[in-house]
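Structure file protein_9.pdb (PDB, C-alpha atoms and all ligand atoms) follows.
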ATOM      1  CA  MET A  10     -16.977  -9.170 -15.141
ATOM      2  CA  THR A  11     -15.507  -5.763 -15.953
ATOM      3  CA  LEU A  12     -15.543  -2.735 -13.681
ATOM      4  CA  LYS A  13     -17.920  -1.073 -16.161
ATOM      5  CA  ASP A  14     -20.469  -3.898 -15.819
ATOM      6  CA  VAL A  15     -20.388  -3.604 -12.037
ATOM      7  CA  VAL A  16     -20.675   0.212 -12.122
ATOM      8  CA  GLU A  17     -23.755  -0.096 -14.326
ATOM      9  CA  LYS A  18     -25.409  -2.995 -12.496
ATOM     10  CA  LEU A  19     -24.962  -1.461  -9.025
ATOM     11  CA  GLY A  20     -25.425   2.162 -10.066
ATOM     12  CA  LEU A  21     -22.075   3.262  -8.626
ATOM     13  CA  ARG A  22     -21.128   6.923  -8.997
ATOM     14  CA  VAL A  23     -17.924   7.514 -10.933
ATOM     15  CA  MET A  24     -16.173  10.329  -9.091
ATOM     16  CA  THR A  25     -12.902  10.649 -10.964
ATOM     17  CA  VAL A  26     -12.804  12.314 -14.373
ATOM     18  CA  LYS A  27     -10.524   9.902 -16.164
ATOM     19  CA  ALA A  28     -11.871   6.603 -14.941
ATOM     20  CA  ALA A  29     -10.558   3.428 -16.511
ATOM     21  CA  LEU A  30     -13.574   1.128 -16.378
ATOM     22  CA  ASP A  31     -12.224  -1.628 -18.589
ATOM     23  CA  PRO A  32     -10.339  -3.767 -16.011
ATOM     24  CA  GLU A  33     -11.668  -7.261 -15.402
ATOM     25  CA  LEU A  34     -12.500  -7.601 -11.689
ATOM     26  CA  THR A  35     -10.875 -10.374  -9.674
ATOM     27  CA  GLY A  36     -13.232  -9.865  -6.721
ATOM     28  CA  ALA A  37     -13.561  -7.296  -3.974
ATOM     29  CA  TYR A  38     -12.160  -6.549  -0.531
ATOM     30  CA  ALA A  39     -13.783  -4.475   2.205
ATOM     31  CA  GLY A  40     -11.710  -2.753   4.871
ATOM     32  CA  ASP A  41     -10.812   0.528   6.508
ATOM     33  CA  LEU A  42      -7.391  -0.464   7.878
ATOM     34  CA  LEU A  43      -4.770   0.316   5.263
ATOM     35  CA  SER A  44      -2.222  -2.325   6.253
ATOM     36  CA  ASP A  45      -4.974  -4.952   6.303
ATOM     37  CA  VAL A  46      -5.863  -4.032   2.727
ATOM     38  CA  MET A  47      -2.142  -4.113   1.884
ATOM     39  CA  ALA A  48      -1.992  -7.643   3.263
ATOM     40  CA  ASN A  49      -5.247  -9.145   2.064
ATOM     41  CA  ALA A  50      -6.657  -7.408  -1.017
ATOM     42  CA  ARG A  51      -5.714  -9.014  -4.304
ATOM     43  CA  PRO A  52      -4.636  -7.328  -7.537
ATOM     44  CA  GLY A  53      -7.628  -6.383  -9.665
ATOM     45  CA  ASN A  54      -9.951  -6.204  -6.635
ATOM     46  CA  LEU A  55     -12.521  -3.536  -5.988
ATOM     47  CA  TRP A  56     -11.796  -1.929  -2.591
ATOM     48  CA  ILE A  57     -14.804  -1.031  -0.456
ATOM     49  CA  THR A  58     -13.998   1.526   2.245
ATOM     50  CA  MET A  59     -15.070   4.486   4.386
ATOM     51  CA  GLN A  60     -11.643   6.139   4.139
ATOM     52  CA  THR A  61     -11.779   9.294   2.009
ATOM     53  CA  HIS A  62      -8.305  10.776   2.560
ATOM     54  CA  GLN A  63      -5.536  10.816  -0.027
ATOM     55  CA  ASN A  64      -3.469   8.019   1.522
ATOM     56  CA  VAL A  65      -5.903   5.453   0.107
ATOM     57  CA  LEU A  66      -4.526   6.161  -3.371
ATOM     58  CA  ALA A  67      -1.046   4.779  -2.768
ATOM     59  CA  VAL A  68      -2.600   1.594  -1.363
ATOM     60  CA  ALA A  69      -4.697   1.157  -4.511
ATOM     61  CA  GLN A  70      -1.678   1.835  -6.741
ATOM     62  CA  ILE A  71       0.731  -0.426  -4.909
ATOM     63  CA  LYS A  72      -1.761  -3.294  -4.772
ATOM     64  CA  ASP A  73      -2.871  -2.772  -8.411
ATOM     65  CA  LEU A  74      -6.515  -2.550  -7.298
ATOM     66  CA  ALA A  75      -9.167  -1.949  -9.953
ATOM     67  CA  ALA A  76     -10.935   0.891  -8.110
ATOM     68  CA  ILE A  77     -11.933   2.305  -4.725
ATOM     69  CA  VAL A  78     -15.604   2.391  -3.698
ATOM     70  CA  LEU A  79     -16.512   4.932  -1.011
ATOM     71  CA  VAL A  80     -19.596   3.837   0.915
ATOM     72  CA  ASN A  81     -22.376   5.575   2.893
ATOM     73  CA  GLY A  82     -22.466   8.479   0.439
ATOM     74  CA  ARG A  83     -19.012   9.606   1.525
ATOM     75  CA  LYS A  84     -17.210  12.028  -0.744
ATOM     76  CA  PRO A  85     -13.455  11.929  -1.336
ATOM     77  CA  ASP A  86     -11.441  14.807   0.131
ATOM     78  CA  ALA A  87     -10.607  17.489  -2.458
ATOM     79  CA  GLU A  88      -6.942  16.499  -2.639
ATOM     80  CA  THR A  89      -7.891  12.814  -2.928
ATOM     81  CA  LEU A  90      -9.961  13.471  -6.020
ATOM     82  CA  GLN A  91      -7.376  15.748  -7.599
ATOM     83  CA  LYS A  92      -4.554  13.284  -6.982
ATOM     84  CA  ALA A  93      -6.683  10.336  -8.119
ATOM     85  CA  ASP A  94      -7.153  12.013 -11.493
ATOM     86  CA  GLN A  95      -3.436  12.748 -11.760
ATOM     87  CA  GLU A  96      -2.453   9.211 -10.842
ATOM     88  CA  ASN A  97      -5.216   7.436 -12.764
ATOM     89  CA  VAL A  98      -6.850   5.800  -9.770
ATOM     90  CA  THR A  99     -10.585   5.244 -10.240
ATOM     91  CA  VAL A 100     -12.739   6.417  -7.307
ATOM     92  CA  LEU A 101     -16.380   5.344  -7.156
ATOM     93  CA  GLY A 102     -19.142   6.081  -4.683
ATOM     94  CA  THR A 103     -22.396   4.632  -3.391
ATOM     95  CA  ASP A 104     -25.009   5.640  -0.817
ATOM     96  CA  GLU A 105     -25.167   2.030   0.382
ATOM     97  CA  PRO A 106     -23.292   0.945   3.526
ATOM     98  CA  ALA A 107     -20.346  -1.471   3.199
ATOM     99  CA  PHE A 108     -22.393  -4.542   4.179
ATOM    100  CA  ARG A 109     -25.055  -3.984   1.543
ATOM    101  CA  ILE A 110     -22.709  -3.137  -1.307
ATOM    102  CA  SER A 111     -20.521  -6.115  -0.366
ATOM    103  CA  GLY A 112     -23.593  -8.356  -0.509
ATOM    104  CA  GLN A 113     -24.576  -7.044  -3.901
ATOM    105  CA  LEU A 114     -21.037  -7.491  -5.196
ATOM    106  CA  TYR A 115     -20.869 -10.998  -3.790
ATOM    107  CA  ARG A 116     -24.023 -11.876  -5.667
ATOM    108  CA  LEU A 117     -22.489 -10.535  -8.906
ATOM    109  CA  LEU A 118     -18.917 -11.751  -8.557
ATOM    110  CA  GLY A 119     -19.328 -14.846  -6.402
ATOM    111  CA  GLU A 120     -16.557 -16.545  -4.433
ATOM    112  CA  PRO A 121     -13.170 -15.097  -5.443
TER
ATOM    113  CA  MET B  24      14.151  -2.827 -21.151
ATOM    114  CA  ALA B  25      16.791  -0.888 -19.216
ATOM    115  CA  SER B  26      19.862  -2.665 -17.901
ATOM    116  CA  ARG B  27      19.333  -4.565 -14.658
ATOM    117  CA  GLN B  28      22.991  -4.578 -13.800
ATOM    118  CA  ASN B  29      23.830  -2.910 -10.500
ATOM    119  CA  LEU B  30      21.288  -0.175 -10.514
ATOM    120  CA  SER B  31      21.115   2.109  -7.482
ATOM    121  CA  HIS B  32      18.803   4.956  -6.484
ATOM    122  CA  ALA B  33      18.601   7.138  -3.371
ATOM    123  CA  PHE B  34      15.450   8.689  -1.897
ATOM    124  CA  GLU B  35      14.510  10.855   1.069
ATOM    125  CA  ILE B  36      11.427  10.573   3.283
ATOM    126  CA  GLN B  37      10.162  13.347   5.535
ATOM    127  CA  GLY B  38       8.565  12.291   8.830
ATOM    128  CA  GLY B  39       5.021  13.565   9.416
ATOM    129  CA  ASP B  40       4.394  14.373   5.765
ATOM    130  CA  PHE B  41       1.154  12.488   5.029
ATOM    131  CA  GLY B  42       0.716  14.437   1.776
ATOM    132  CA  LYS B  43       3.772  12.811   0.192
ATOM    133  CA  ALA B  44       3.415   9.504   2.029
ATOM    134  CA  GLY B  45       3.825   6.593  -0.367
ATOM    135  CA  CYS B  46       5.658   8.588  -3.056
ATOM    136  CA  VAL B  47       8.985   6.825  -2.591
ATOM    137  CA  SER B  48       7.405   3.358  -2.752
ATOM    138  CA  LEU B  49       5.479   4.302  -5.870
ATOM    139  CA  GLU B  50       8.667   5.579  -7.468
ATOM    140  CA  ILE B  51      10.439   2.341  -6.582
ATOM    141  CA  LYS B  52       7.539   0.393  -8.049
ATOM    142  CA  GLU B  53       7.731   2.356 -11.290
ATOM    143  CA  ILE B  54      11.498   1.903 -11.610
ATOM    144  CA  LEU B  55      11.238  -1.863 -11.114
ATOM    145  CA  ARG B  56       8.247  -2.208 -13.414
ATOM    146  CA  ASP B  57      10.055  -0.286 -16.163
ATOM    147  CA  LEU B  58      12.916  -2.759 -15.878
ATOM    148  CA  GLY B  59      10.503  -5.518 -16.823
ATOM    149  CA  ILE B  60      10.681  -7.326 -13.478
ATOM    150  CA  ASP B  61       7.875  -9.806 -12.765
ATOM    151  CA  PRO B  62       4.788  -7.838 -11.591
ATOM    152  CA  ALA B  63       4.278 -10.052  -8.525
ATOM    153  CA  ILE B  64       7.862  -9.405  -7.376
ATOM    154  CA  VAL B  65       7.480  -5.687  -8.099
ATOM    155  CA  ARG B  66       4.308  -5.666  -6.004
ATOM    156  CA  ARG B  67       5.913  -7.499  -3.073
ATOM    157  CA  THR B  68       8.823  -5.077  -3.102
ATOM    158  CA  ALA B  69       6.501  -2.072  -3.255
ATOM    159  CA  ILE B  70       4.379  -3.368  -0.347
ATOM    160  CA  ALA B  71       7.460  -3.838   1.835
ATOM    161  CA  ALA B  72       8.799  -0.408   0.843
ATOM    162  CA  TYR B  73       5.413   1.214   1.521
ATOM    163  CA  GLU B  74       5.106  -0.194   5.042
ATOM    164  CA  ALA B  75       8.634   0.953   5.876
ATOM    165  CA  GLU B  76       7.984   4.374   4.346
ATOM    166  CA  MET B  77       4.713   4.817   6.284
ATOM    167  CA  ASN B  78       6.477   3.982   9.524
ATOM    168  CA  VAL B  79       8.932   6.805   8.875
ATOM    169  CA  VAL B  80       6.053   9.165   8.122
ATOM    170  CA  MET B  81       4.266   8.102  11.313
ATOM    171  CA  TYR B  82       7.065   7.610  13.825
ATOM    172  CA  ALA B  83      10.370   9.121  12.672
ATOM    173  CA  ASP B  84      11.824  12.511  11.687
ATOM    174  CA  SER B  85      13.366  11.665   8.339
ATOM    175  CA  ALA B  86      14.980   8.822   6.436
ATOM    176  CA  THR B  87      17.192   7.996   3.517
ATOM    177  CA  VAL B  88      16.346   5.011   1.338
ATOM    178  CA  MET B  89      18.725   3.175  -0.984
ATOM    179  CA  LEU B  90      17.330   0.934  -3.679
ATOM    180  CA  ARG B  91      19.885  -1.454  -5.132
ATOM    181  CA  LEU B  92      19.403  -4.040  -7.777
ATOM    182  CA  ASN B  93      21.730  -6.767  -8.955
ATOM    183  CA  PRO B  94      21.091 -10.027 -10.787
ATOM    184  CA  GLN B  95      20.428 -11.823  -7.462
ATOM    185  CA  GLY B  96      17.783  -9.513  -6.159
ATOM    186  CA  ILE B  97      16.412  -6.212  -4.963
ATOM    187  CA  LYS B  98      17.739  -4.556  -1.821
ATOM    188  CA  ILE B  99      16.090  -1.731   0.056
ATOM    189  CA  ALA B 100      18.032  -0.125   2.892
ATOM    190  CA  LEU B 101      16.135   2.467   4.866
ATOM    191  CA  ASP B 102      17.801   4.403   7.669
ATOM    192  CA  ASP B 103      15.770   6.791   9.725
ATOM    193  CA  LYS B 104      16.492   9.447  12.296
ATOM    194  CA  GLY B 105      13.921   9.067  15.006
ATOM    195  CA  PRO B 106      13.010   7.683  18.413
ATOM    196  CA  GLY B 107      13.956   4.083  17.609
ATOM    197  CA  ILE B 108      12.021   0.988  18.676
ATOM    198  CA  HIS B 109      12.247  -0.178  22.317
ATOM    199  CA  ASP B 110      11.239  -3.786  21.803
ATOM    200  CA  ILE B 111      11.666  -5.042  18.245
ATOM    201  CA  GLU B 112      10.195  -8.456  18.983
ATOM    202  CA  LEU B 113       7.037  -6.829  20.319
ATOM    203  CA  ALA B 114       6.873  -4.370  17.400
ATOM    204  CA  MET B 115       7.024  -7.306  14.976
ATOM    205  CA  GLN B 116       3.905  -8.874  16.510
ATOM    206  CA  GLU B 117       0.746  -8.457  14.490
ATOM    207  CA  GLY B 118      -1.619  -6.021  16.226
ATOM    208  CA  TYR B 119       1.021  -4.142  18.217
ATOM    209  CA  SER B 120       0.914  -0.431  17.461
ATOM    210  CA  THR B 121       1.736   2.880  19.106
ATOM    211  CA  ALA B 122      -0.189   4.872  16.462
ATOM    212  CA  THR B 123      -2.068   7.938  17.725
ATOM    213  CA  ASP B 124      -5.872   8.181  17.678
ATOM    214  CA  GLN B 125      -5.635  10.517  14.701
ATOM    215  CA  MET B 126      -3.575   7.972  12.724
ATOM    216  CA  ARG B 127      -6.020   5.211  13.683
ATOM    217  CA  GLU B 128      -8.928   7.272  12.388
ATOM    218  CA  MET B 129      -7.134   7.364   9.039
ATOM    219  CA  GLY B 130      -6.889   3.583   9.043
ATOM    220  CA  PHE B 131      -3.282   3.314  10.175
ATOM    221  CA  GLY B 132      -2.242   1.491  13.312
ATOM    222  CA  ALA B 133      -3.465  -2.041  12.597
ATOM    223  CA  GLY B 134      -0.037  -3.190  13.701
ATOM    224  CA  MET B 135       0.312  -5.091  10.456
ATOM    225  CA  GLY B 136       3.014  -3.069   8.699
ATOM    226  CA  LEU B 137       6.085  -4.905   9.979
ATOM    227  CA  PRO B 138       4.415  -8.341   9.580
ATOM    228  CA  ASN B 139       3.554  -7.322   6.002
ATOM    229  CA  ILE B 140       7.214  -6.559   5.331
ATOM    230  CA  LYS B 141       8.250  -9.906   6.778
ATOM    231  CA  ARG B 142       5.683 -11.747   4.679
ATOM    232  CA  ASN B 143       6.669 -10.059   1.424
ATOM    233  CA  ALA B 144      10.445  -9.947   1.809
ATOM    234  CA  ASP B 145      12.793 -12.892   1.447
ATOM    235  CA  LEU B 146      15.036 -11.337   4.081
ATOM    236  CA  PHE B 147      14.085  -8.625   6.548
ATOM    237  CA  GLU B 148      16.390  -7.199   9.168
ATOM    238  CA  LEU B 149      15.286  -4.508  11.588
ATOM    239  CA  LYS B 150      17.749  -2.743  13.867
ATOM    240  CA  SER B 151      17.229   0.170  16.154
ATOM    241  CA  THR B 152      19.074   2.433  18.559
ATOM    242  CA  ILE B 153      16.891   4.232  21.080
ATOM    243  CA  GLY B 154      17.008   7.983  20.602
ATOM    244  CA  LYS B 155      18.918   7.681  17.312
ATOM    245  CA  GLY B 156      16.886   5.805  14.757
ATOM    246  CA  THR B 157      15.874   2.611  13.040
ATOM    247  CA  SER B 158      17.262   0.799  10.033
ATOM    248  CA  TYR B 159      15.335  -1.537   7.758
ATOM    249  CA  LYS B 160      17.090  -3.952   5.416
ATOM    250  CA  ILE B 161      14.797  -5.674   2.943
ATOM    251  CA  PHE B 162      15.872  -8.181   0.308
ATOM    252  CA  ILE B 163      13.736  -9.671  -2.425
ATOM    253  CA  ASP B 164      15.183 -12.637  -4.257
ATOM    254  CA  LEU B 165      14.775 -12.270  -8.006
ATOM    255  CA  GLY B 166      14.691 -16.000  -8.424
ATOM    256  CA  SER B 167      11.897 -16.537  -5.909
ATOM    257  CA  GLU B 168       8.306 -17.471  -6.654
ATOM    258  CA  GLU B 169       5.382 -15.272  -5.726
ATOM    259  CA  LYS B 170       4.749 -15.584  -1.982
ATOM    260  CA  THR B 171       1.329 -14.028  -1.513
TER
HETATM  261  N1  LIG C   1      10.734   3.644  11.974
HETATM  262  C1  LIG C   1      10.194   3.493  13.189
HETATM  263  N2  LIG C   1      10.542   4.323  14.218
HETATM  264  C2  LIG C   1       9.988   4.178  15.437
HETATM  265  N3  LIG C   1       9.087   3.234  15.750
HETATM  266  C3  LIG C   1       8.694   2.404  14.778
HETATM  267  C4  LIG C   1       9.218   2.477  13.455
HETATM  268  N4  LIG C   1       8.667   1.518  12.705
HETATM  269  C5  LIG C   1       7.830   0.860  13.515
HETATM  270  N5  LIG C   1       7.837   1.379  14.770
HETATM  271  C6  LIG C   1       7.075   0.874  15.949
HETATM  272  O1  LIG C   1       6.619  -0.443  15.675
HETATM  273  C7  LIG C   1       5.198  -0.513  15.798
HETATM  274  C8  LIG C   1       4.636  -1.544  14.848
HETATM  275  O2  LIG C   1       4.834  -1.132  13.487
HETATM  276  P1  LIG C   1       3.853  -1.671  12.344
HETATM  277  O3  LIG C   1       4.245  -1.025  11.081
HETATM  278  O4  LIG C   1       3.838  -3.162  12.394
HETATM  279  O5  LIG C   1       2.410  -1.202  12.825
HETATM  280  P2  LIG C   1       1.790   0.282  12.818
HETATM  281  O6  LIG C   1       2.638   1.180  11.991
HETATM  282  O7  LIG C   1       1.579   0.686  14.220
HETATM  283  O8  LIG C   1       0.389   0.029  12.128
HETATM  284  P3  LIG C   1       0.141  -0.248  10.548
HETATM  285  O9  LIG C   1       1.469  -0.435   9.910
HETATM  286  O10 LIG C   1      -0.686  -1.484  10.512
HETATM  287  O11 LIG C   1      -0.573   0.961  10.043
HETATM  288  C9  LIG C   1       4.715   0.908  15.560
HETATM  289  O12 LIG C   1       3.442   1.155  16.121
HETATM  290  C10 LIG C   1       5.842   1.706  16.251
HETATM  291  O13 LIG C   1       5.659   1.722  17.642
HETATM  292 MG    MG C   2       3.240   0.609  10.068
END

Here is the file; what I need is its structure written in the form of structure tokens.
Amino acid sequence: MTLKDVVEKLGLRVMTVKAALDPELTGAYAGDLLSDVMANARPGNLWITMQTHQNVLAVAQIKDLAAIVLVNGRKPDAETLQKADQENVTVLGTDEPAFRISGQLYRLLGEP
Amino acid sequence: MASRQNLSHAFEIQGGDFGKAGCVSLEIKEILRDLGIDPAIVRRTAIAAYEAEMNVVMYADSATVMLRLNPQGIKIALDDKGPGIHDIELAMQEGYSTATDQMREMGFGAGMGLPNIKRNADLFELKSTIGKGTSYKIFIDLGSEEKT
């Protein structure tokens, strides 16, 4: 399933201007500890997190993640959004908490 | 594809600069990717470089990083000026961290950075002198299979 399909099916907000929605998703990983995501997320994953500061971008870029999903209606910091557009990292948002959006994603994507 | 023979690049990292944090690792990733190196190896190298870079940002004053590439593999040598590490064996344990509350709020301080380097590198050597600084030597074998 592509990122675009998931964005449409779950009604995710696309927060970056230049969002590449074509990548095929390999699954998702939820976590707020950056080194844990570094260790355990897989390339092409959607990353579900509460962290809104700019240091999330390097994690997404280094791990080749498909996109970041900010939960609980959280908005990215101004510099996060600006840098995300510069660096072509896709930032999404949802009002749902991490548990609920993870459940919905699990139903769509299944066991990784 | 650019020549892989004996490439070398130098970088600087400023301690405490969370705005630029990750820049050196991303640059290293781009250089290696542009050389046509296997994406999994590029990723492993970038993860190891990132964890070392973040530790400079969080705990040290400044550092110089040398990236060297030869047909055998990729070498990253990072030397920082900083407080050093009292007990390297303890620091290497997953979960051990001296990160401040502010860093923890940002999602740092899981105590997984050094274990991540060990997991992704084929060789990892950490040396430290208290009050002077810490040096990281990371080697990624270009013949090796993907580890993670
Ligand atoms: N360059 C360094 N200078 C001084 N101390 C360091 C340095 N690198 C690591 N340390 C010490 O080693 C500890 C463990 O490092 P490690 O990278 O594994 O975890 P962390 O940085 O605390 O958390 P995480 O990397 O998961 O965000 C650090 O908390 C710190 O006390
Ligand atoms: Mg660390």

Please extract the residues at most 8 Å from ligand LIG 1 (chain C), counting all atoms listed in the file, and provide them as a PyMOL selection string, using the chain letters and residue numbers of this document.
(chain A and resi 42-45) or (chain B and resi 74-75+77-79+81-83+103+105-108+111+113-122+127+130-139+156-158)

Could you tell me how far atom CA of A:Arg83 lies from atom CA of A:Ser111, in Å and to one decimal?
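Computing it gives 15.9 Å between the two atoms.
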
With a distance cut-off of 7 Å and all atoms listed in the file, select the neighbouring residues of A:Asn54, excluding the residue or stretch itself and same-chain residues fewer than 5 positions from it, and output the selection as a list of chain:residue names.
A:Leu34, A:Thr35, A:Gly36, A:Ala37, A:Tyr38, A:Leu74, A:Ala75

Mind telling me what the PyMOL selection byres (((chain A and resi 98-104) around 9) and not hetatm) catches here, as an MDAnalysis selection string?
chainID A and resid 16 19:30 66 69:70 74:85 90 92:97 105:106 110

If I take atom CA of B:Lys150 and atom CA of B:Ile99, how far is one from the other in Å, to one decimal?
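Atom-to-atom, atom CA of B:Lys150 to atom CA of B:Ile99, that is 13.9 Å.
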
Have a look at atom CA of A:Thr58 and atom CA of B:Arg56 and let me know their distance in Å, one decimal.
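Those two atoms sit 27.5 Å apart.
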
Once the PyMOL selection byres (((chain B and resi 86) around 7) and not hetatm) has been evaluated on this model, what residues remain selected, and can you format them as JSON, numbers by chain?
{"B": [35, 36, 37, 79, 85, 87, 88, 101, 102, 103, 104]}

Which residue, B:Met89, B:Ile51, B:Val80, B:Ala100, has the smallest gap to ligand MG 2 (chain C) when you use all atoms listed in the file?
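With all atoms listed in the file as the atom set, the closest residue is B:Val80.
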
Which residue out of B:Pro94, B:Tyr159, B:Asp164, B:Ala71 has the minimum interatomic distance to chain A when only C-alpha atoms are used?
B:Ala71

Residue neighbourhood A:Ala67, 9 Å, only C-alpha atoms, exclusion window fewer than 2 positions, as a PyMOL selection string
(chain A and resi 63-65+69-72) or (chain B and resi 44-46+48-49+73)

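Restricting the calculation to all atoms listed in the file, the smallest distance between ligand MG 2 (chain C) and any of A:Ala48, A:Tyr115, A:Asp14, A:Asp31 is found for A:Ala48.
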
Given the choices B:Asp61, B:Asp84, B:Glu112, B:Glu128, which gets closest to chain A if the distance is worked out from only C-alpha atoms?
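So, comparing all the options, the nearest one is B:Glu128.
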
Here is a test: counting only C-alpha atoms and all ligand atoms, which residue of A:Met47, A:Val15, A:Ile57, A:Glu88 is nearest to ligand MG 2 (chain C)?
A:Met47
